[in-house]
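Colleague: File follows, target_4.tsv with TSV, C-alpha atoms:
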```tsv
chain	number	residue	atom	x	y	z
A	1	MET	CA	-17.14	2.13	-19.64
A	2	TRP	CA	-18.59	5.49	-20.46
A	3	LYS	CA	-17.20	8.71	-19.13
A	4	HIS	CA	-19.21	11.76	-18.08
A	5	LEU	CA	-17.82	15.26	-17.59
A	6	ILE	CA	-18.70	15.36	-13.93
A	7	LEU	CA	-16.42	13.13	-11.89
A	8	THR	CA	-12.92	11.70	-12.09
A	9	ILE	CA	-12.03	8.66	-10.04
A	10	CYS	CA	-8.29	7.59	-10.22
A	11	SER	CA	-7.14	4.90	-7.95
A	12	VAL	CA	-3.92	3.19	-7.16
A	13	PHE	CA	-4.87	-0.03	-5.44
A	14	VAL	CA	-3.16	-0.17	-2.10
A	15	LEU	CA	-3.55	-3.61	-0.63
A	16	THR	CA	-4.94	-3.25	2.84
A	17	GLY	CA	-5.67	-5.87	5.38
A	18	SER	CA	-6.76	-6.77	8.83
A	19	ALA	CA	-5.29	-6.70	12.25
A	20	LEU	CA	-2.38	-8.89	13.12
A	21	THR	CA	-2.82	-10.18	16.62
A	22	GLY	CA	-0.99	-12.72	18.74
A	23	ASP	CA	0.41	-15.73	16.94
A	24	LEU	CA	-0.92	-16.20	13.44
A	25	SER	CA	-0.86	-19.60	11.81
A	26	ARG	CA	1.95	-20.68	9.51
A	27	VAL	CA	1.03	-21.33	5.87
A	28	PRO	CA	4.08	-23.20	4.49
A	29	ASP	CA	2.45	-23.70	1.08
A	30	LYS	CA	2.73	-19.94	0.53
A	31	ASP	CA	6.40	-19.69	1.52
A	32	PHE	CA	8.97	-18.56	-1.05
A	33	ASN	CA	11.84	-21.08	-1.02
A	34	THR	CA	13.13	-20.07	-4.45
A	35	LEU	CA	15.28	-17.06	-3.54
A	36	GLU	CA	18.63	-18.75	-2.95
A	37	ALA	CA	18.48	-20.75	-6.19
A	38	ALA	CA	17.75	-17.51	-8.07
A	39	GLY	CA	20.84	-15.87	-6.59
A	40	ASN	CA	18.67	-13.55	-4.47
A	41	LYS	CA	20.91	-14.01	-1.41
A	42	PHE	CA	20.51	-10.70	0.39
A	43	PRO	CA	16.70	-10.18	0.47
A	44	GLU	CA	15.31	-7.16	2.28
A	45	GLY	CA	12.10	-5.34	1.35
A	46	ILE	CA	9.20	-6.91	-0.57
A	47	TRP	CA	6.10	-5.65	-2.37
A	48	SER	CA	3.43	-7.39	-4.45
A	49	ASN	CA	0.50	-6.51	-6.68
A	50	GLY	CA	-1.14	-9.84	-5.88
A	51	THR	CA	0.27	-11.55	-8.97
A	52	THR	CA	4.01	-10.88	-8.72
A	53	MET	CA	6.21	-10.61	-5.64
A	54	TRP	CA	9.18	-8.25	-5.98
A	55	VAL	CA	12.11	-8.85	-3.63
A	56	LEU	CA	14.89	-6.31	-3.13
A	57	ASP	CA	18.45	-7.66	-2.97
A	58	SER	CA	20.44	-5.12	-0.96
A	59	PHE	CA	23.87	-6.42	-2.02
A	60	GLU	CA	23.28	-6.71	-5.75
A	61	ASP	CA	21.23	-3.47	-5.96
A	62	LYS	CA	18.58	-5.40	-7.86
A	63	ILE	CA	14.88	-6.26	-7.50
A	64	TYR	CA	13.96	-9.85	-8.29
A	65	ALA	CA	10.46	-10.85	-9.44
A	66	TYR	CA	8.60	-14.07	-8.58
A	67	LYS	CA	5.17	-15.38	-9.46
A	68	MET	CA	2.88	-15.37	-6.42
A	69	LYS	CA	1.12	-18.60	-7.32
A	70	SER	CA	4.01	-20.86	-8.39
A	71	LYS	CA	6.84	-18.97	-6.59
A	72	ALA	CA	8.83	-19.36	-9.82
A	73	ARG	CA	11.15	-16.62	-11.05
A	74	ASP	CA	9.72	-14.08	-13.49
A	75	PRO	CA	12.89	-12.39	-14.78
A	76	ASP	CA	11.05	-10.24	-17.33
A	77	LYS	CA	9.75	-8.20	-14.39
A	78	ASP	CA	13.11	-7.79	-12.64
A	79	PHE	CA	14.66	-4.39	-11.99
A	80	ASN	CA	18.17	-5.36	-13.03
A	81	GLU	CA	19.96	-2.06	-12.61
A	82	LEU	CA	19.13	0.50	-9.98
A	83	ASP	CA	20.55	4.00	-10.26
A	84	ALA	CA	24.32	4.04	-9.69
A	85	ALA	CA	23.81	6.28	-6.66
A	86	ASN	CA	21.08	4.02	-5.28
A	87	ASN	CA	23.63	1.54	-3.91
A	88	PHE	CA	22.40	1.21	-0.32
A	89	PRO	CA	18.80	0.06	-1.01
A	90	GLU	CA	16.76	-1.11	1.97
A	91	ASP	CA	13.07	-1.37	1.08
A	92	ILE	CA	10.53	-0.98	-1.73
A	93	TRP	CA	6.92	0.12	-2.21
A	94	SER	CA	4.85	0.65	-5.35
A	95	ASP	CA	1.49	2.05	-6.42
A	96	GLY	CA	1.51	-0.19	-9.49
A	97	THR	CA	2.91	2.58	-11.70
A	98	THR	CA	6.06	3.67	-9.86
A	99	MET	CA	8.45	1.55	-7.80
A	100	TRP	CA	10.07	3.47	-4.94
A	101	VAL	CA	13.35	2.27	-3.41
A	102	VAL	CA	14.62	3.78	-0.17
A	103	ASP	CA	18.39	4.27	0.06
A	104	TYR	CA	19.78	4.20	3.59
A	105	HIS	CA	23.07	5.98	3.02
A	106	TYR	CA	21.90	8.83	0.80
A	107	LYS	CA	18.69	9.58	2.75
A	108	LYS	CA	16.62	9.42	-0.39
A	109	ILE	CA	13.82	7.44	-2.05
A	110	TYR	CA	14.56	6.73	-5.71
A	111	ALA	CA	11.67	6.26	-8.17
A	112	TYR	CA	11.49	3.86	-11.14
A	113	ASN	CA	8.82	3.31	-13.79
A	114	MET	CA	7.20	-0.10	-13.28
A	115	ARG	CA	6.82	-0.81	-17.00
A	116	SER	CA	10.11	0.46	-18.43
A	117	LYS	CA	12.18	0.03	-15.23
A	118	ALA	CA	13.71	3.42	-16.07
A	119	ARG	CA	14.46	6.09	-13.45
A	120	ASP	CA	11.73	8.66	-12.79
A	121	PRO	CA	13.54	11.42	-10.84
A	122	GLY	CA	10.42	13.58	-10.69
A	123	GLU	CA	8.94	11.09	-8.21
A	124	ASP	CA	12.00	10.95	-5.88
A	125	PHE	CA	11.79	11.88	-2.20
A	126	GLU	CA	14.56	13.69	-0.32
A	127	LEU	CA	14.51	12.39	3.27
A	128	HIS	CA	15.51	13.85	6.65
A	129	SER	CA	17.15	10.75	8.07
A	130	ALA	CA	18.74	7.44	7.13
A	131	SER	CA	15.81	5.08	6.60
A	132	THR	CA	15.18	1.35	6.28
A	133	GLY	CA	11.46	0.89	5.55
A	134	ILE	CA	8.66	2.55	3.56
A	135	TRP	CA	4.90	2.09	3.21
A	136	SER	CA	2.18	4.24	1.64
A	137	ASP	CA	-1.59	4.45	1.39
A	138	GLY	CA	-1.24	6.24	-1.95
A	139	ALA	CA	-1.53	9.72	-0.43
A	140	THR	CA	1.11	9.66	2.32
A	141	MET	CA	4.49	7.91	2.34
A	142	TRP	CA	5.61	6.74	5.78
A	143	VAL	CA	9.38	6.27	6.17
A	144	LEU	CA	11.02	4.32	8.99
A	145	ALA	CA	14.04	6.19	10.38
A	146	SER	CA	15.58	3.26	12.21
A	147	ALA	CA	18.33	5.23	13.95
A	148	LYS	CA	15.81	7.66	15.44
A	149	ASP	CA	13.05	5.19	16.37
A	150	LYS	CA	10.61	7.30	14.41
A	151	ILE	CA	8.41	7.04	11.32
A	152	TYR	CA	8.32	10.22	9.25
A	153	ALA	CA	5.38	11.07	6.97
A	154	TYR	CA	5.65	12.71	3.53
A	155	ASP	CA	2.91	13.98	1.22
A	156	MET	CA	3.00	11.81	-1.93
A	157	ARG	CA	2.03	14.62	-4.28
A	158	PHE	CA	4.39	17.34	-3.11
A	159	LYS	CA	7.07	15.11	-1.55
A	160	ALA	CA	6.94	17.44	1.46
A	161	ARG	CA	7.00	16.52	5.15
A	162	ASP	CA	3.63	15.98	6.87
A	163	PRO	CA	4.69	15.93	10.55
A	164	ASP	CA	1.13	15.59	11.87
A	165	LYS	CA	1.22	11.99	10.62
A	166	ASP	CA	4.60	11.06	12.13
A	167	LEU	CA	4.82	8.14	14.57
A	168	GLU	CA	7.16	8.11	17.57
A	169	LEU	CA	8.37	4.60	18.39
A	170	ASN	CA	9.32	3.34	21.85
A	171	PHE	CA	11.63	0.39	21.39
A	172	SER	CA	14.31	-0.77	23.81
A	173	ALA	CA	17.94	0.23	23.40
A	174	TYR	CA	18.62	-3.14	21.78
A	175	ALA	CA	15.83	-2.96	19.23
A	176	LYS	CA	16.58	-3.01	15.53
A	177	ASP	CA	13.55	-1.85	13.57
A	178	THR	CA	13.84	-2.91	9.93
A	179	ASP	CA	10.55	-2.51	8.06
A	180	ILE	CA	6.93	-1.32	8.29
A	181	TRP	CA	3.54	-2.31	6.92
A	182	SER	CA	0.02	-1.04	7.62
A	183	ASP	CA	-3.61	-1.93	6.98
A	184	GLY	CA	-4.45	1.79	7.03
A	185	THR	CA	-5.49	1.69	10.69
A	186	THR	CA	-2.57	0.03	12.46
A	187	MET	CA	1.13	0.38	11.63
A	188	TRP	CA	3.35	-2.62	12.36
A	189	VAL	CA	7.11	-2.25	12.81
A	190	VAL	CA	9.37	-5.28	12.35
A	191	ASP	CA	11.96	-5.65	15.11
A	192	ASP	CA	14.95	-7.77	14.09
A	193	TRP	CA	16.18	-8.06	17.67
A	194	ASP	CA	13.30	-9.94	19.28
A	195	ASP	CA	11.48	-11.20	16.15
A	196	THR	CA	8.31	-9.23	16.87
A	197	MET	CA	6.09	-6.93	14.84
A	198	TYR	CA	5.08	-4.06	17.12
A	199	ALA	CA	1.73	-2.35	16.54
A	200	TYR	CA	0.84	1.36	16.67
A	201	ASN	CA	-2.53	3.04	16.15
A	202	MET	CA	-2.19	5.40	13.19
A	203	ARG	CA	-4.72	7.92	14.50
A	204	SER	CA	-3.75	8.14	18.17
A	205	LYS	CA	-0.06	7.27	17.52
A	206	ALA	CA	-0.22	5.12	20.68
A	207	ARG	CA	1.00	1.55	21.07
A	208	ASP	CA	-1.68	-0.97	20.14
A	209	PRO	CA	-2.00	-4.48	21.69
A	210	LYS	CA	-1.94	-6.12	18.26
A	211	ASP	CA	1.69	-7.15	18.22
A	212	PHE	CA	2.62	-10.16	16.15
A	213	ASN	CA	4.84	-11.98	18.60
A	214	LYS	CA	7.76	-14.29	18.03
A	215	LEU	CA	8.34	-15.06	14.40
A	216	ALA	CA	9.77	-18.35	15.62
A	217	GLU	CA	11.08	-19.69	12.31
A	218	ILE	CA	12.71	-16.44	11.25
A	219	TYR	CA	16.33	-15.79	12.12
A	220	SER	CA	16.49	-12.23	10.80
A	221	PRO	CA	13.18	-10.59	9.76
A	222	THR	CA	14.01	-7.82	7.30
A	223	GLY	CA	10.84	-7.18	5.27
A	224	ILE	CA	7.05	-7.54	5.36
A	225	TRP	CA	4.07	-7.35	3.02
A	226	SER	CA	0.46	-8.52	3.24
A	227	ASP	CA	-2.57	-8.92	0.99
A	228	GLY	CA	-4.97	-8.60	3.92
A	229	THR	CA	-5.30	-12.33	4.49
A	230	THR	CA	-1.71	-13.62	4.47
A	231	VAL	CA	1.38	-11.81	5.74
A	232	TRP	CA	4.78	-12.59	4.23
A	233	VAL	CA	7.96	-11.95	6.24
A	234	VAL	CA	11.48	-12.02	4.76
A	235	ASP	CA	14.24	-13.93	6.53
A	236	GLY	CA	17.35	-12.10	5.36
A	237	HIS	CA	19.64	-14.74	6.86
A	238	TYR	CA	18.18	-17.87	5.25
A	239	ASP	CA	17.07	-16.25	1.97
A	240	LYS	CA	13.45	-17.25	2.43
A	241	ILE	CA	10.03	-15.61	2.75
A	242	TYR	CA	7.71	-17.13	5.37
A	243	ALA	CA	3.91	-16.92	5.12
A	244	TYR	CA	1.45	-16.55	8.00
A	245	GLY	CA	-2.34	-16.69	7.70
A	246	GLY	CA	-5.37	-15.75	9.73
A	247	LEU	CA	-5.56	-12.01	9.23
A	248	ALA	CA	-9.14	-11.99	7.89
A	249	ALA	CA	-10.43	-13.68	11.03
A	250	THR	CA	-9.12	-10.83	13.19
A	251	SER	CA	-10.07	-7.91	10.96
A	252	ASP	CA	-10.76	-4.43	12.33
A	253	GLN	CA	-12.81	-3.68	9.24
A	254	GLY	CA	-15.81	-5.93	9.95
A	255	PHE	CA	-16.51	-9.20	8.14
A	256	ARG	CA	-13.55	-10.27	6.02
A	257	GLY	CA	-12.16	-6.75	6.04
A	258	ASN	CA	-15.22	-4.76	4.87
A	259	GLN	CA	-14.28	-1.11	4.41
A	260	ASP	CA	-16.57	1.83	3.66
A	261	VAL	CA	-15.62	5.05	1.91
A	262	GLN	CA	-15.25	8.05	4.22
A	263	ASP	CA	-15.53	11.83	3.66
A	264	PHE	CA	-13.03	13.47	1.30
A	265	PRO	CA	-11.83	16.89	2.59
A	266	MET	CA	-10.70	18.60	-0.62
A	267	LYS	CA	-9.13	21.94	-1.48
A	268	ILE	CA	-9.27	24.05	-4.66
A	269	LYS	CA	-7.82	27.41	-5.64
A	270	GLY	CA	-10.41	30.17	-5.64
A	271	THR	CA	-14.17	29.80	-5.35
A	272	THR	CA	-14.66	27.43	-8.28
A	273	GLY	CA	-12.55	24.63	-9.67
A	274	SER	CA	-12.50	20.98	-10.59
A	275	LEU	CA	-11.55	17.76	-8.88
A	276	LYS	CA	-10.17	14.60	-10.39
A	277	VAL	CA	-11.62	11.34	-9.12
A	278	CYS	CA	-10.24	8.00	-10.33
A	279	VAL	CA	-11.01	4.33	-9.73
A	280	ARG	CA	-9.51	1.00	-10.68
A	281	ASP	CA	-9.72	-2.66	-9.76
A	282	HIS	CA	-7.16	-4.70	-7.90
A	283	GLU	CA	-4.62	-5.91	-10.47
A	284	CYS	CA	-5.03	-9.63	-9.74
A	285	GLU	CA	-8.81	-9.40	-10.13
A	286	ASP	CA	-11.17	-8.99	-13.06
A	287	GLY	CA	-14.91	-8.64	-13.33
A	288	ASP	CA	-15.77	-6.42	-10.34
A	289	LYS	CA	-18.59	-3.99	-11.17
A	290	ILE	CA	-19.43	-0.79	-9.32
A	291	ARG	CA	-21.67	2.27	-9.56
A	292	VAL	CA	-20.63	5.75	-8.44
A	293	ASP	CA	-23.30	8.39	-7.82
A	294	VAL	CA	-22.69	12.07	-7.08
A	295	ASP	CA	-25.61	14.01	-5.57
A	296	GLY	CA	-27.95	11.25	-6.72
A	297	ARG	CA	-26.73	11.23	-10.33
A	298	SER	CA	-24.99	8.14	-11.65
A	299	ILE	CA	-21.69	9.16	-13.22
A	300	PHE	CA	-20.21	5.68	-13.57
A	301	SER	CA	-21.66	2.19	-13.75
A	302	GLY	CA	-20.02	-1.00	-14.95
A	303	GLU	CA	-16.89	-3.10	-14.73
A	304	ILE	CA	-13.80	-1.38	-13.37
A	305	ASP	CA	-10.45	-1.99	-15.04
A	306	ASN	CA	-6.97	-2.50	-13.64
A	307	ASP	CA	-5.99	0.81	-15.22
A	308	TRP	CA	-7.31	4.09	-13.91
A	309	ASP	CA	-10.64	5.42	-15.13
A	310	CYS	CA	-10.89	9.11	-14.40
A	311	TYR	CA	-13.68	11.68	-14.30
A	312	THR	CA	-13.82	15.44	-13.68
A	313	LEU	CA	-16.11	17.11	-11.15
A	314	ASP	CA	-16.70	20.88	-11.33
A	315	VAL	CA	-17.13	22.19	-7.79
A	316	TRP	CA	-17.69	25.30	-5.68
A	317	ALA	CA	-15.72	26.07	-2.53
A	318	GLY	CA	-17.87	25.89	0.60
A	319	GLU	CA	-20.09	23.17	-0.87
A	320	SER	CA	-20.20	19.43	-0.23
A	321	TYR	CA	-21.13	16.74	-2.72
A	322	ALA	CA	-22.70	13.42	-1.72
A	323	VAL	CA	-20.81	10.42	-3.12
A	324	GLU	CA	-22.15	6.87	-3.04
A	325	LEU	CA	-20.15	3.84	-4.15
A	326	THR	CA	-22.03	0.56	-4.64
A	327	ALA	CA	-20.59	-2.88	-5.38
A	328	LEU	CA	-22.84	-4.24	-8.11
A	329	ASN	CA	-21.24	-7.65	-7.76
A	330	GLY	CA	-18.41	-9.31	-5.88
A	331	THR	CA	-18.10	-12.49	-7.85
A	332	GLY	CA	-15.67	-11.55	-10.61
A	333	TYR	CA	-12.59	-13.58	-11.42
A	334	LYS	CA	-10.21	-13.15	-8.48
A	335	GLY	CA	-7.09	-14.73	-9.94
A	336	ASP	CA	-4.63	-15.27	-7.11
A	337	CYS	CA	-6.57	-12.92	-4.82
A	338	SER	CA	-8.19	-14.20	-1.67
A	339	TYR	CA	-11.17	-11.82	-1.61
A	340	ARG	CA	-13.69	-14.45	-2.75
A	341	ASP	CA	-17.12	-12.85	-3.08
A	342	GLU	CA	-15.95	-9.34	-2.19
A	343	ASN	CA	-15.60	-6.35	-4.46
A	344	THR	CA	-12.36	-4.48	-3.79
A	345	GLY	CA	-10.67	-1.45	-5.31
A	346	GLU	CA	-9.61	2.10	-4.57
A	347	ILE	CA	-10.97	5.57	-5.12
A	348	ARG	CA	-8.81	8.69	-5.22
A	349	VAL	CA	-9.91	12.34	-5.33
A	350	THR	CA	-7.36	14.99	-6.34
A	351	GLY	CA	-7.56	18.77	-6.17
A	352	GLU	CA	-4.91	20.88	-4.44
A	353	ASN	CA	-4.59	17.87	-2.14
A	354	THR	CA	-5.10	14.15	-2.70
A	355	GLU	CA	-7.27	11.76	-0.67
A	356	THR	CA	-7.10	8.03	-1.41
A	357	GLN	CA	-9.34	5.32	0.02
A	358	VAL	CA	-9.90	1.62	-0.43
A	359	TRP	CA	-13.36	0.05	-0.50
A	360	ARG	CA	-14.14	-3.54	0.24
A	361	HIS	CA	-17.78	-4.67	0.00
A	362	ARG	CA	-19.80	-7.76	-0.68
A	363	GLY	CA	-21.74	-7.64	-3.92
A	364	GLY	CA	-24.78	-5.40	-3.57
A	365	ALA	CA	-23.38	-3.50	-0.56
A	366	GLY	CA	-22.21	0.07	-0.66
A	367	SER	CA	-21.23	3.12	1.36
A	368	LYS	CA	-21.80	6.87	1.29
A	369	ALA	CA	-19.52	9.83	1.96
A	370	ARG	CA	-19.13	13.50	1.08
A	371	ILE	CA	-16.63	15.47	-0.94
A	372	ILE	CA	-16.20	18.59	1.21
A	373	VAL	CA	-14.66	21.44	-0.79
A	374	GLU	CA	-12.67	24.33	0.71
A	375	THR	CA	-10.48	27.07	-0.76
A	376	ALA	CA	-6.77	26.35	-0.38
A	377	ARG	CA	-4.91	28.85	1.77
```
Output the file's structure in the form of structure tokens.
Modeller:
Amino acid sequence: MWKHLILTICSVFVLTGSALTGDLSRVPDKDFNTLEAAGNKFPEGIWSNGTTMWVLDSFEDKIYAYKMKSKARDPDKDFNELDAANNFPEDIWSDGTTMWVVDYHYKKIYAYNMRSKARDPGEDFELHSASTGIWSDGATMWVLASAKDKIYAYDMRFKARDPDKDLELNFSAYAKDTDIWSDGTTMWVVDDWDDTMYAYNMRSKARDPKDFNKLAEIYSPTGIWSDGTTVWVVDGHYDKIYAYGGLAATSDQGFRGNQDVQDFPMKIKGTTGSLKVCVRDHECEDGDKIRVDVDGRSIFSGEIDNDWDCYTLDVWAGESYAVELTALNGTGYKGDCSYRDENTGEIRVTGENTETQVWRHRGGAGSKARIIVETAR
């Protein structure tokens, strides 16, 4: 891949998906029945990159790793020792580079390097309430404050509150909300009391009739993660992860979860500056090819890697720049992914703020948007 001094595309692939609705179908072949034998007896939050499933054990203060395909243990990827102060862990989320672990007692999210497993305090979040669940789109971190029936939003770059993106929940007095997951449009909240995943529209903040009702097999649902086709739900009582399928058939994003890029409202200091734009493939895929054009000029064309490829765009405040992203193919090797003939990845633009988006197109399809530049105030 060649690089041109015009654009920077950095992307952390955030797995998105489609709308959960009604009763999805069980997929027992995708269950994880290997937790108890591994000693992972207090499972809570889960997160996956499509190849490995990480499972937080809240009693041992440890994160176990399992292979998505075989469900076998992968101890080389374990997080064996969390920070000594991080001894009330409840949930995890990662961007593929950093693993974040929310601590209920200390009202904090601790950060760890995914490769070295070492602490990365510069990426910590100080929270405003005891919290049990976290989910991010790469730009905003949403944090479930179970005692307050509220989901707080934090800017990923500055670790500051972003109250405009908060969600007010409306559970009954007996509800016990334990975890959250989103497809970027709808936020689902796991309720341990009545075994339901309640849905909220992320734009309007209103309840959405896309609840996932009655997780019949699950005694105590404590964690959730999805790849956009299958949703996995942790049973903290029986040390098992149950799999449900059918998400793609009920997608809000069009056929099989198609998703276009949208406008990027960006800020710079002063009248001139530069933006960083990065792109990368989904980690469990290889072979996807894309082209990125800015104002009609091709600044990238070829196969995207699992690691970030970044470009720099010099811009003027008050101007907008046309961006077009085209999937040159969708037939690369998908590994354990279920995207078949789709091209999937993520694009991130960073200036004084950060905007992150996922695309999902069939080979040959594309979408257009604008980078709209303003001076930061």
Colleague: Could you give me the axis-aligned bounding box of stretch 365-372 of chain A, with 8 Å of padding per side, as centre plus edge lengths in Å to one decimal, as JSON?
Modeller:
```
{"center_x": -19.8, "center_y": 7.5, "center_z": 0.5, "size_x": 23.2, "size_y": 38.1, "size_z": 18.9}
```
Colleague: Enter the distance from atom CA of A:Arg119 to atom CA of A:Val349, in Å, rounded to one decimal.
Modeller: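 Computing it gives 26.4 Å between the two atoms.
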Colleague: For stretch 150-152 of chain A, please output as an MDAnalysis selection string all residues within 12 Å (counting only C-alpha atoms; exclusion window: fewer than 4 positions along the same chain).
Modeller: chainID A and resid 126:136 140:146 159:171 176:181 187:189 200 202 205
Colleague: Enter the distance from atom CA of A:Asp183 to atom CA of A:Phe300, in Å, rounded to one decimal.
Modeller: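 The value is 27.5 Å.
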Colleague: One decimal, in Å: what's the spacing between atom CA of A:Ile268 and atom CA of A:Arg291?
Modeller: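 Atom CA of A:Arg291 lies 25.5 Å from atom CA of A:Ile268.
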Colleague: Measuring between all atoms listed in the file, which one of A:Asn343, A:Thr229, A:Asn113, A:Thr272 shows the shortest distance to A:Lys30?
Modeller: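 Selected residue with least distance to A:Lys30: A:Thr229.
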Colleague: Per residue of stretch 106-219 of chain A within 12 Å of stretch 66-81 of chain A, note the shortest atom pair and the distance in Å to one decimal, counting only C-alpha atoms, and order the rows by chain and increasing residue number, as CSV.
Modeller:
```
residue,atom,partner,partner_atom,distance
A:Ala111,CA,A:Phe79,CA,11.7
A:Tyr112,CA,A:Phe79,CA,8.9
A:Asn113,CA,A:Phe79,CA,9.8
A:Met114,CA,A:Lys77,CA,8.6
A:Arg115,CA,A:Lys77,CA,8.4
A:Ser116,CA,A:Phe79,CA,9.3
A:Lys117,CA,A:Phe79,CA,6.0
A:Ala118,CA,A:Phe79,CA,8.9
A:Arg119,CA,A:Glu81,CA,9.9
```
